[in-house]
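Right, one structure below, let's go through it.
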Amino acid sequence: MSAVVRVRADVHEWRTANGWPPQADPSWFRSWFEPAAHDRLPVPAVELVGVLVGESTVDRALQSCGTLMTLAPCSVVLPAPQGSQSWPLIELDYYGIGVVAVDEAGAAELLVPPEDRSTEFGPSLFGRWLLEVLYDRVLKEVPAHARVNS
């Protein structure tokens with residue numbers, strides 16, 4: 001799975017200046033929802049733009065994107081169909097799951113564009129925690145100068 005995120009530069013700068021580093025530890029995060037422990041919560045510093053999942057068969061695509069599509073647009077990368085083989089893509093399209101076909105040479109083709117269905121599901125504790133995990137990963141893996149103009 002690959003997540004595509006956008007750093008909210010203003011929020012990142014505020015959180016850095018005010019001592020709110022990423023909180024990827026799930027036990028600490030659960031305490032955010034106990035008013036006695038915290039009277040304020042930090043705003044998410046990243047936005048989940050989309051998710052890309054690699055799969056070997058169409059049958060597993062819906063299962064792979066099931067929970068993820070509640071958080072952001074989800075696309076599945078599949079090997080391109082060979083010869084007369086066809087894919088039943090209508091179910092994936094119905095659920096808003098994108099499909100990218102990759103052939104043996106590595107060329108990719110978008111067959112079904114993903115849809116953002118996250119607003120149908122609303123916010124979740126898992127989704128908010130995932131944003132903290134992704135924020136933590138961005139800070140660890142992307143040099144600071146590359147995040148400035150995000």
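Chain identifiers are assigned as A, B, and so on, following the order in which chains appear in the structure tokens; residues are numbered from 1 within each chain, and ligands are numbered from 1 in order of appearance.
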
Quiz item: Where in chain A does DSSP assign alpha helix (DSSP H), given as a ChimeraX atom specification?
Solution: /A:9-17,26-30,58-65,90-94,118-121,125-141,144-147

Quiz item: If you count only C-alpha atoms, which residues fall within 7 Å of segment 97-111 of chain A, apart from same-chain ones fewer than 3 positions away, as a PyMOL selection string?
Solution: chain A and resi 74-80+92-93+114-115

Exercise. Quick one: pick out all strand (DSSP E) residues within chain A from a backbone DSSP run and write them as a ChimeraX atom specification.
Key: /A:2-7,46-54,74-79,98-102,108-112

Quiz item: Between A:Leu62, A:Ala24, A:Leu89, A:Val142, which has the minimum distance to Pro44 of chain A (counting only C-alpha atoms)?
Solution: A:Ala24

Quiz item: Neighbours of segment 137-139 of chain A within 10 Å (only C-alpha atoms; same-chain residues fewer than 3 positions away dropped), as a PyMOL selection string?
Solution: chain A and resi 5-7+12+21-22+24+46+131-134+142-144+147

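Remark: for Glu13 of chain A, the closest of the candidate residues A:Val43, A:Pro26, A:Cys65, A:Trp129 is A:Val43 (distances computed over only C-alpha atoms).
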
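Nearest to Ser2 of chain A of all the residues A:Ala45, A:Val53, A:Tyr94, A:Leu130 is A:Val53, based on only C-alpha atoms.
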